[in-house]
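Colleague: Structure incoming, see below.
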Amino acid sequence: MANIYVEGKTPIGAPVKESLLAASVTGYARGLAVTYGSDAFHCLLITATAAAALGIIEEDQVVGANATAPTNPVAVIELGMAVAQIGANITALQPLTTNASGQLIPAQAGQPVVAIALEAQTYVSPGSFATVLVVAPLGIMAPGDEVSYVAASGAIPLIPGTYALNGAAALAMTLAAPTAAQDGTILTIVATTGHAHTVTAPADAIYGTKDTVTYAAVGDIITLEAVNTKWMVRSIGGPTPAALSEV
């Protein structure tokens, strides 16, 4: 694959894997996710987003004497460290699921987890490599958002989840701009007390031109997603609702 980044660390240890015959030669490459094919001796490339997978192909498809049909099996890593192709920026310890090309991308709540990222890696089209811990056969699903109650002024962590502004007085919160490796990180920030809480980011870090969110009523809420080192607004609402402004 042209212009593909390599992984930053090397897998160690002996993974659990099996040899399977690919359904075709085309498209089967190192690091892509597969499932069982027509039987337990064949593998089929994943072609759907958030699909349950069997494991990750360890090597590029080896073509035998017949150039149009596979005659040699590939090794599929089902448990343990492996090198995976990624289709989006990832961060270390992030649960990963599949895209429609068999690459791994950050998993959203309720999606099947194929692997856990063991390093941060930046996606560059058409793909990049990253070292991961494959857990596909375990049937793990990505957890839902956790709710963290914030009672004192400080920084909002750049960790996916819901943050409830729960101070007895107005809270002055800060929010750092995301890095490129944090693309796809989703934060929901909601007021659970009726004070003039504020969340302030660096200049122009929210929505391209904004940097401050101001709350006034219980239930004022905003959901942000990290895209290209900015916080984009997925939704905003509440009784007031939460207001966006620039300093």
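Chain identifiers are assigned as A, B, and so on, following the order in which chains appear in the structure tokens; residues are numbered from 1 within each chain, and ligands are numbered from 1 in order of appearance.
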Residues of segment 26-47 of chain A that approach segment 105-123 of chain A to 12 Å or less, counting only C-alpha atoms: could you list each one with the shortest pair of atoms and its distance in Å to one decimal, rows by chain and increasing residue number, as CSV?

Modeller:
```
residue,atom,partner,partner_atom,distance
A:Gly31,CA,A:Ala115,CA,11.4
A:Leu32,CA,A:Val114,CA,10.8
A:Ala33,CA,A:Val114,CA,8.1
A:Val34,CA,A:Val114,CA,10.1
A:Thr35,CA,A:Val114,CA,10.8
A:Ile46,CA,A:Val114,CA,11.3
```

Colleague: Do a neighbour search on Ser245 of chain A at 8 Å with only C-alpha atoms, toss out local chain neighbours closer than 5 positions, and write the hits as a list in words.

Modeller: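 Listing them by chain and then by number gives Lys210, Asp211, Thr212, Val213 and Thr214 of chain A.
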
Colleague: Would you export the selected residues with C-alpha atoms as a short mmCIF file (atom, residue, chain, number, x, y, z; two decimals), in the first residue's frame, please?

Modeller:
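Generated file (out15.cif):
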```cif
data_model
loop_
_atom_site.label_atom_id
_atom_site.label_comp_id
_atom_site.auth_asym_id
_atom_site.auth_seq_id
_atom_site.Cartn_x
_atom_site.Cartn_y
_atom_site.Cartn_z
CA LYS A 210 -15.55 30.46 19.12
CA ASP A 211 -13.78 29.68 22.37
CA THR A 212 -16.25 30.01 25.27
CA VAL A 213 -19.37 28.09 26.34
CA THR A 214 -21.58 29.80 28.94
#
```

Colleague: Write out as a list in words each polymer residue whose atoms come within 8 Å of Ala196 of chain A, counting only C-alpha atoms; drop sequence neighbours fewer than 4 positions from it.

Modeller: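 Here the qualifying residues turn out to be Ala170, Leu171, Thr214, Tyr215, Ala216 and Ala217 of chain A.
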
Colleague: Include N, CA and C atoms and write out the residues we just selected as an mmCIF file, in the first residue's frame.

Modeller:
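Result written to part-v7.cif:
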```cif
data_model
loop_
_atom_site.group_PDB
_atom_site.id
_atom_site.type_symbol
_atom_site.label_atom_id
_atom_site.label_comp_id
_atom_site.auth_asym_id
_atom_site.auth_seq_id
_atom_site.Cartn_x
_atom_site.Cartn_y
_atom_site.Cartn_z
ATOM 1 N N ALA A 170 -20.746 29.272 40.328
ATOM 2 C CA ALA A 170 -20.310 29.205 38.939
ATOM 3 C C ALA A 170 -18.895 28.626 38.837
ATOM 4 N N LEU A 171 -18.734 27.649 37.946
ATOM 5 C CA LEU A 171 -17.438 27.021 37.716
ATOM 6 C C LEU A 171 -16.769 27.653 36.495
ATOM 7 N N THR A 214 -21.022 29.249 27.701
ATOM 8 C CA THR A 214 -21.581 29.805 28.937
ATOM 9 C C THR A 214 -22.914 29.137 29.239
ATOM 10 N N TYR A 215 -23.091 28.729 30.493
ATOM 11 C CA TYR A 215 -24.305 28.052 30.955
ATOM 12 C C TYR A 215 -25.102 28.994 31.858
ATOM 13 N N ALA A 216 -26.416 28.746 31.945
ATOM 14 C CA ALA A 216 -27.246 29.578 32.822
ATOM 15 C C ALA A 216 -28.278 28.773 33.597
ATOM 16 N N ALA A 217 -28.677 27.614 33.060
ATOM 17 C CA ALA A 217 -29.763 26.854 33.681
ATOM 18 C C ALA A 217 -29.408 25.381 33.754
#
```

Colleague: Quick one: everything within 10 Å of Ala176 of chain A, counting only C-alpha atoms, minus sequence neighbours fewer than 4 positions away in the same chain. Send it as a ChimeraX atom specification.

Modeller: /A:155-158,200-202,205,229-231

Colleague: Figure out the distance between atom CA of Ala242 of chain A and atom CA of Tyr163 of chain A, please, to one decimal in Å.

Modeller: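 Computing the Euclidean distance for atom CA of Tyr163 of chain A and atom CA of Ala242 of chain A yields 14.1 Å.
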
Colleague: Could you name the residues that touch Ile12 of chain A at 10 Å or less, counting only C-alpha atoms, but leaving out those on the same chain fewer than 3 positions away, as an NGL selection string?

Modeller: :A and (9 or 15 or 80-82 or 131)

Colleague: Within 7 Å of Gly127 of chain A, counting only C-alpha atoms, which residues qualify if same-chain residues fewer than 3 places away don't, as an MDAnalysis selection string?

Modeller: chainID A and resid 4 85:87 123:124

Colleague: Which residues are close to segment 142-153 of chain A, i.e. within 10 Å by only C-alpha atoms, leaving aside same-chain residues fewer than 6 positions away? Reply as a PyMOL selection string.

Modeller: chain A and resi 94-97+106-114+159-174+186-193+197-199

Colleague: Return the single residue from A:Val16, A:Leu138, A:Ala100, A:Ile90 that is closest to Leu45 of chain A, with distances computed using only C-alpha atoms.

Modeller: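 Looking at the shortest contact to Leu45 of chain A, the residue is A:Ala100.
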
Colleague: Which of these residues is nearest to Thr91 of chain A, using only C-alpha atoms: A:Gly184, A:Thr223, A:Thr49, A:Pro241?

Modeller: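 Using only C-alpha atoms, Thr91 of chain A sits closest to A:Gly184.
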
Colleague: A:Val233, A:Ala51, A:Cys43, A:Ala180: which is nearest Ala136 of chain A, counting only C-alpha atoms?

Modeller: A:Ala51

Colleague: If you run DSSP over the backbone, which residues in segment 28-230 of chain A end up strand (DSSP E or B)? Put them as a VMD selection string.

Modeller: chain A and resid 33 to 36 42 to 45 55 to 57 74 to 86 90 95 to 98 104 to 106 112 115 to 117 121 128 to 134 141 147 to 150 154 to 155 161 to 165 172 to 174 186 to 191 198 to 200 206 210 212 to 214 221 to 227 230

Colleague: Taking the chain letters and numbering used in this document, name the residues of segment 32-236 of chain A that DSSP puts in helix (DSSP H, G or I), as a list in words.

Modeller: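 Helix (DSSP H, G or I) assignments inside segment 32-236 of chain A correspond to Ala136, Pro137, Leu138, Ala180, Ala181 and Gln182 of chain A.
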
Colleague: If you keep C-alpha atoms, can you produce a file of those selected residues as a PDB file, in the first residue's frame?

Modeller:
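Final output, saved to result_5.pdb:
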```pdb
ATOM      1  CA  ALA A 136     -11.803  -9.905  18.633  1.00  0.00           C
ATOM      2  CA  PRO A 137     -13.121 -13.383  19.661  1.00  0.00           C
ATOM      3  CA  LEU A 138     -13.885 -12.227  23.222  1.00  0.00           C
ATOM      4  CA  ALA A 180      -4.678  15.474  15.540  1.00  0.00           C
ATOM      5  CA  ALA A 181      -4.272  12.104  17.269  1.00  0.00           C
ATOM      6  CA  GLN A 182      -7.438  12.833  19.293  1.00  0.00           C
TER       7      GLN A 182
END
```

Colleague: With distances taken over only C-alpha atoms, which of A:Gly102, A:Gly194, A:Gly219, A:Pro73 is nearest to Ala50 of chain A?

Modeller: A:Gly102

Colleague: Atom CA of Ile56 of chain A and atom CA of Ala226 of chain A, how far apart in Å?

Modeller: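 The value is 27.6 Å.
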
Colleague: Which of these, A:Gly27, A:His42, A:Lys17, A:Gly37, has the shortest distance to Glu78 of chain A once you count only C-alpha atoms?

Modeller: A:Lys17
